[in-house]
Amino acid sequence: MPSQEEIYQKVSATLVEALNVEQEEISPTATLQGDLGAESIDFLDIVFRLEREFAIKIPRNELFPESIFQGDPDFVLNGKVTQKGLDELREKMPFADLSKFEQNPELTALSDLFTVQMIAKYIQRKLSA
Amino acid sequence: MRLKDQVALVTGGSRGIGRGIVKAFAAEGAKVAFIYKGSQQAAESLAVEISAAGGLAKAWQGDVANHDEAMKIVELVEAEWGSIQILVNNAGVIRDGLFVAMKPEEWNVVLQTNLGGTFNFCHALAMKLARQRKGRIINISSVAAEHTNPGQTNYAASKGAINSFTRALAVELAGRGVTVNAIAPGFIETDMSENVRNKAGDLIKKMIPLKRLGQPNDIAKAAVFLASADAAYITGQVITVDGGLSLGAVAV
């Protein structure tokens with residue numbers, strides 16, 4: 001199994017190719033949409049490339065869940081993710097770092113969870129599973 | 001040469017409008033892979049004709065309505081010539097007849113070939129073009145999508161769907177530098193339009209302000225433009241090439 005550092009390097013290289021960005025723009029906390037300009041088709045491309053790079057299968061909606069809350073009022077109220085919603089996030093995305101998001105859980109900020117580090121952590125879990 | 005060294009794939013390329021597009025692309029320097037279903041002789045003669053003119057084109061047999069075949073052909077063409085940059089979805093059939101008497105098979109074959117074939121080849125190529133961050137998709141529609149005659153519910157539906165599909169796909173691929181456009185031909189002098197032309201006779205010319213039927217090359221020129229660097233800023237459009245037919249004027 002590759003080391004954490006090796007996984008991170010490979011994830012970075014994958015993002016450079018998929019998003020057509022410079023290596024310097026990649027950092028652990030860089031967000032895919034906000035910082036690296038990813039659009040919906042890019043998320044699919046990233047998934048395809050990671051599958052090939054790490055020889056793994058990534059089920060749809062596992063790494064980048066599209067509509068995790070399905071408009072359920074238990075999960076989201078007045079544009080904010082509820083405690084129940086946060087629990088759901090923790091369960092569905094155990095590889096994501098929620099510490100910052102929890103402080104102000106605006107639904108619109110959900111995409112900020114998708115960072116370079118999040119992908120690397122997902123891959124680590126996947127490879128060690 | 002506006003398409004020098006680019007690899008193009010044209011479906012329904014052995015006859016009619018497709019044949020015109022294959023010839024025009026080859027004359028502009030593209031390597032052209034074209035698909036034919038049954039017209040082997042026409043396909044072979046076209047490849048020979050283009051070769052004699054100093055161009056490069058190769059015929060591939062396949063049914064555009066079959067997704068697996070589309071995937072396979074794309075793979076084989078790329079193995080031989082490298083990445084494809086231009087896709088023209090031209091293959092189309094008609095099964096005209098009044099709706100009340102239309103058989104489900106007549107509906108299905110038209111939708112599966114015209115719309116399904118367009119889906120199949122776009123599906124086989126979209127991600128590849130997106131990854132290249134460069135590509136042109138040109139779907140051949142028809143004025144019948146908007147201005148239709150009795151007996152074409154299946155054909156009109158397939159072409160209307162192609163127009164909507166063109167716009168929807170254009171939005172998805174634009175961020176990756178891939179443009180998706182359609183051309184809507186009017187009455188073009190091909191085998192496919194022969195029946196209608198025979199029935200309508202001189203009336204057709206009265207309906208066309210430019211006073212002549214279109215030739216495959218009229219459509220091919222628009223296709224070359226959309227495939228070329230000149231059209232880099234055009235996407236999601238349906239370009240009508242019909243001599244003014246769709247303006248609805250009748251000469252008096």
# chains A, B, ... in the order shown; residues from 1 in each chain; ligands from 1
$ interface_residues --of "chain B" --to "chain A" --cutoff "10 Å" --atoms "only C-alpha atoms" --output "number ranges by chain"
B: 127, 130-131, 133, 172-173, 175-176
$ write_last_selection --atoms "N, CA and C atoms" --output "JSON list (two decimals), in the first residue's frame"
[["chain", "number", "residue", "atom", "x", "y", "z"],
["B", 127, "MET", "N", -16.45, 12.32, -23.40],
["B", 127, "MET", "CA", -15.43, 12.42, -22.36],
["B", 127, "MET", "C", -14.04, 12.55, -22.97],
["B", 130, "ALA", "N", -13.73, 16.09, -24.07],
["B", 130, "ALA", "CA", -13.63, 16.94, -22.88],
["B", 130, "ALA", "C", -12.21, 16.88, -22.32],
["B", 131, "ARG", "N", -11.62, 15.69, -22.32],
["B", 131, "ARG", "CA", -10.27, 15.55, -21.79],
["B", 131, "ARG", "C", -9.24, 16.24, -22.66],
["B", 133, "ARG", "N", -9.84, 18.87, -24.10],
["B", 133, "ARG", "CA", -10.19, 20.29, -24.00],
["B", 133, "ARG", "C", -10.26, 20.92, -25.38],
["B", 172, "GLU", "N", -23.13, 21.40, -21.24],
["B", 172, "GLU", "CA", -22.31, 20.53, -20.40],
["B", 172, "GLU", "C", -20.84, 20.51, -20.82],
["B", 173, "LEU", "N", -20.58, 20.67, -22.11],
["B", 173, "LEU", "CA", -19.20, 20.52, -22.59],
["B", 173, "LEU", "C", -18.47, 21.84, -22.80],
["B", 175, "GLY", "N", -17.47, 24.19, -20.85],
["B", 175, "GLY", "CA", -16.38, 24.47, -19.93],
["B", 175, "GLY", "C", -15.10, 23.74, -20.29],
["B", 176, "ARG", "N", -15.23, 22.71, -21.11],
["B", 176, "ARG", "CA", -14.06, 21.95, -21.55],
["B", 176, "ARG", "C", -13.64, 22.29, -22.99]]
$ residues_around --residues "Glu62 (chain A)" --least-positions-apart "3" --cutoff "8 Å" --atoms "only C-alpha atoms" --output "JSON list (two decimals) with N, CA, C and O atoms, in the first residue's frame"
[["chain", "number", "residue", "atom", "x", "y", "z"],
["A", 58, "ILE", "N", -15.01, 3.34, -7.60],
["A", 58, "ILE", "CA", -15.64, 4.38, -6.77],
["A", 58, "ILE", "C", -17.12, 4.46, -7.11],
["A", 58, "ILE", "O", -17.49, 4.95, -8.17],
["A", 59, "PRO", "N", -17.97, 3.93, -6.24],
["A", 59, "PRO", "CA", -19.41, 3.96, -6.53],
["A", 59, "PRO", "C", -19.91, 5.39, -6.67],
["A", 59, "PRO", "O", -19.40, 6.31, -6.02],
["A", 65, "PRO", "N", -20.84, 13.13, -3.05],
["A", 65, "PRO", "CA", -22.30, 12.97, -3.01],
["A", 65, "PRO", "C", -22.97, 14.23, -3.56],
["A", 65, "PRO", "O", -22.63, 15.33, -3.14],
["A", 92, "LYS", "N", -21.90, 9.60, 5.93],
["A", 92, "LYS", "CA", -21.72, 9.40, 4.49],
["A", 92, "LYS", "C", -20.32, 9.79, 4.03],
["A", 92, "LYS", "O", -19.80, 9.26, 3.06],
["A", 93, "MET", "N", -19.74, 10.77, 4.69],
["A", 93, "MET", "CA", -18.42, 11.26, 4.27],
["A", 93, "MET", "C", -17.44, 11.27, 5.44],
["A", 93, "MET", "O", -16.95, 12.33, 5.85]]
$ atom_distance --atom1 "CA of Val88 (chain B)" --atom2 "CA of Val10 (chain B)"
4.7 Å
$ atom_distance --atom1 "CA of Ala157 (chain B)" --atom2 "CA of Ser142 (chain B)"
10.5 Å
$ residues_around --residues "Phe101 (chain A)" --least-positions-apart "5" --cutoff "10 Å" --atoms "only C-alpha atoms" --output "PyMOL selection string"
chain A and resi 81+86+106-107+109-110+112-113
$ closest_residue --among "B:Val74, B:Ala57, B:Ala52, B:Ala229" --to "His123 (chain B)" --atoms "only C-alpha atoms"
B:Val74
$ select_by_dssp --residues "region 15-215 of chain B" --states "alpha helix (DSSP H)" --output "VMD selection string"
chain B and resid 16 to 27 40 to 52 67 to 81 104 to 110 116 to 132 153 to 173 194 to 200 203 to 207
$ residues_around --residues "region 134-141 of chain B" --least-positions-apart "4" --cutoff "8 Å" --atoms "only C-alpha atoms" --output "JSON list (two decimals) with C-alpha atoms, in the first residue's frame"
[["chain", "number", "residue", "atom", "x", "y", "z"],
["B", 85, "GLN", "CA", -11.38, 16.00, -32.74],
["B", 86, "ILE", "CA", -14.48, 16.34, -34.90],
["B", 87, "LEU", "CA", -17.69, 14.31, -34.82],
["B", 88, "VAL", "CA", -20.49, 14.74, -37.34],
["B", 89, "ASN", "CA", -23.70, 12.87, -36.53],
["B", 90, "ASN", "CA", -25.28, 12.73, -39.93],
["B", 118, "THR", "CA", -26.44, 10.80, -32.27],
["B", 122, "CYS", "CA", -21.64, 11.57, -28.61],
["B", 129, "LEU", "CA", -13.16, 15.39, -26.32],
["B", 130, "ALA", "CA", -13.63, 16.94, -22.88],
["B", 145, "ALA", "CA", -37.85, 19.90, -36.75],
["B", 159, "LYS", "CA", -34.85, 16.13, -35.42],
["B", 160, "GLY", "CA", -36.54, 18.34, -32.84],
["B", 162, "ILE", "CA", -31.58, 16.55, -31.83],
["B", 163, "ASN", "CA", -31.93, 20.34, -31.62],
["B", 166, "THR", "CA", -27.52, 19.88, -29.10],
["B", 176, "ARG", "CA", -14.06, 21.95, -21.55],
["B", 177, "GLY", "CA", -13.70, 23.83, -24.81],
["B", 178, "VAL", "CA", -15.91, 21.50, -26.83],
["B", 179, "THR", "CA", -18.57, 23.09, -29.02],
["B", 180, "VAL", "CA", -21.80, 21.36, -30.02],
["B", 181, "ASN", "CA", -23.89, 22.72, -32.86],
["B", 182, "ALA", "CA", -26.46, 21.50, -35.34],
["B", 183, "ILE", "CA", -27.14, 22.20, -38.98],
["B", 184, "ALA", "CA", -30.73, 22.17, -40.20],
["B", 185, "PRO", "CA", -30.76, 21.52, -43.95],
["B", 223, "ALA", "CA", -20.06, 21.87, -41.51],
["B", 226, "LEU", "CA", -18.47, 24.87, -37.68],
["B", 227, "ALA", "CA", -15.55, 22.42, -37.47]]
$ atom_distance --atom1 "CA of Leu203 (chain B)" --atom2 "CA of Phe187 (chain B)"
11.9 Å
$ decode --residues "region 12-29 of chain B" --atoms "N, CA, C and O atoms" --output "mmCIF file, in the first residue's frame"
data_model
loop_
_atom_site.group_PDB
_atom_site.id
_atom_site.type_symbol
_atom_site.label_atom_id
_atom_site.label_comp_id
_atom_site.auth_asym_id
_atom_site.auth_seq_id
_atom_site.Cartn_x
_atom_site.Cartn_y
_atom_site.Cartn_z
ATOM 1 N N GLY B 12 -23.008 8.008 -41.440
ATOM 2 C CA GLY B 12 -23.823 8.084 -42.657
ATOM 3 C C GLY B 12 -23.060 8.780 -43.759
ATOM 4 O O GLY B 12 -23.582 9.647 -44.457
ATOM 5 N N GLY B 13 -21.800 8.390 -43.918
ATOM 6 C CA GLY B 13 -20.903 9.169 -44.775
ATOM 7 C C GLY B 13 -20.831 8.753 -46.231
ATOM 8 O O GLY B 13 -20.205 9.454 -47.031
ATOM 9 N N SER B 14 -21.451 7.658 -46.610
ATOM 10 C CA SER B 14 -21.212 7.168 -47.975
ATOM 11 C C SER B 14 -22.107 7.826 -49.022
ATOM 12 O O SER B 14 -21.796 7.836 -50.199
ATOM 13 N N ARG B 15 -23.234 8.375 -48.569
ATOM 14 C CA ARG B 15 -24.173 8.937 -49.548
ATOM 15 C C ARG B 15 -24.698 10.290 -49.079
ATOM 16 O O ARG B 15 -24.534 10.667 -47.929
ATOM 17 N N GLY B 16 -25.349 10.976 -50.000
ATOM 18 C CA GLY B 16 -26.084 12.193 -49.657
ATOM 19 C C GLY B 16 -25.251 13.278 -48.987
ATOM 20 O O GLY B 16 -24.113 13.539 -49.363
ATOM 21 N N ILE B 17 -25.846 13.898 -47.979
ATOM 22 C CA ILE B 17 -25.185 15.014 -47.285
ATOM 23 C C ILE B 17 -23.886 14.545 -46.634
ATOM 24 O O ILE B 17 -22.860 15.228 -46.691
ATOM 25 N N GLY B 18 -23.905 13.361 -46.038
ATOM 26 C CA GLY B 18 -22.709 12.846 -45.376
ATOM 27 C C GLY B 18 -21.539 12.715 -46.340
ATOM 28 O O GLY B 18 -20.403 13.057 -46.003
ATOM 29 N N ARG B 19 -21.830 12.229 -47.527
ATOM 30 C CA ARG B 19 -20.784 12.085 -48.539
ATOM 31 C C ARG B 19 -20.171 13.457 -48.867
ATOM 32 O O ARG B 19 -18.949 13.600 -48.986
ATOM 33 N N GLY B 20 -21.031 14.459 -48.963
ATOM 34 C CA GLY B 20 -20.547 15.813 -49.232
ATOM 35 C C GLY B 20 -19.648 16.307 -48.107
ATOM 36 O O GLY B 20 -18.617 16.948 -48.348
ATOM 37 N N ILE B 21 -20.024 15.990 -46.880
ATOM 38 C CA ILE B 21 -19.225 16.438 -45.730
ATOM 39 C C ILE B 21 -17.878 15.723 -45.702
ATOM 40 O O ILE B 21 -16.832 16.337 -45.460
ATOM 41 N N VAL B 22 -17.888 14.422 -45.972
ATOM 42 C CA VAL B 22 -16.633 13.653 -45.989
ATOM 43 C C VAL B 22 -15.671 14.260 -47.022
ATOM 44 O O VAL B 22 -14.492 14.500 -46.733
ATOM 45 N N LYS B 23 -16.197 14.536 -48.208
ATOM 46 C CA LYS B 23 -15.347 15.093 -49.268
ATOM 47 C C LYS B 23 -14.796 16.462 -48.877
ATOM 48 O O LYS B 23 -13.613 16.747 -49.055
ATOM 49 N N ALA B 24 -15.664 17.306 -48.330
ATOM 50 C CA ALA B 24 -15.238 18.666 -47.982
ATOM 51 C C ALA B 24 -14.210 18.644 -46.850
ATOM 52 O O ALA B 24 -13.224 19.384 -46.876
ATOM 53 N N PHE B 25 -14.410 17.783 -45.857
ATOM 54 C CA PHE B 25 -13.453 17.688 -44.746
ATOM 55 C C PHE B 25 -12.103 17.201 -45.261
ATOM 56 O O PHE B 25 -11.051 17.721 -44.870
ATOM 57 N N ALA B 26 -12.121 16.180 -46.136
ATOM 58 C CA ALA B 26 -10.864 15.651 -46.676
ATOM 59 C C ALA B 26 -10.145 16.723 -47.488
ATOM 60 O O ALA B 26 -8.920 16.870 -47.417
ATOM 61 N N ALA B 27 -10.917 17.504 -48.239
ATOM 62 C CA ALA B 27 -10.310 18.564 -49.053
ATOM 63 C C ALA B 27 -9.680 19.644 -48.175
ATOM 64 O O ALA B 27 -8.778 20.355 -48.599
ATOM 65 N N GLU B 28 -10.165 19.762 -46.937
ATOM 66 C CA GLU B 28 -9.602 20.748 -46.002
ATOM 67 C C GLU B 28 -8.477 20.147 -45.170
ATOM 68 O O GLU B 28 -8.029 20.739 -44.187
ATOM 69 N N GLY B 29 -8.056 18.941 -45.515
ATOM 70 C CA GLY B 29 -6.882 18.362 -44.866
ATOM 71 C C GLY B 29 -7.146 17.427 -43.705
ATOM 72 O O GLY B 29 -6.211 16.938 -43.061
#
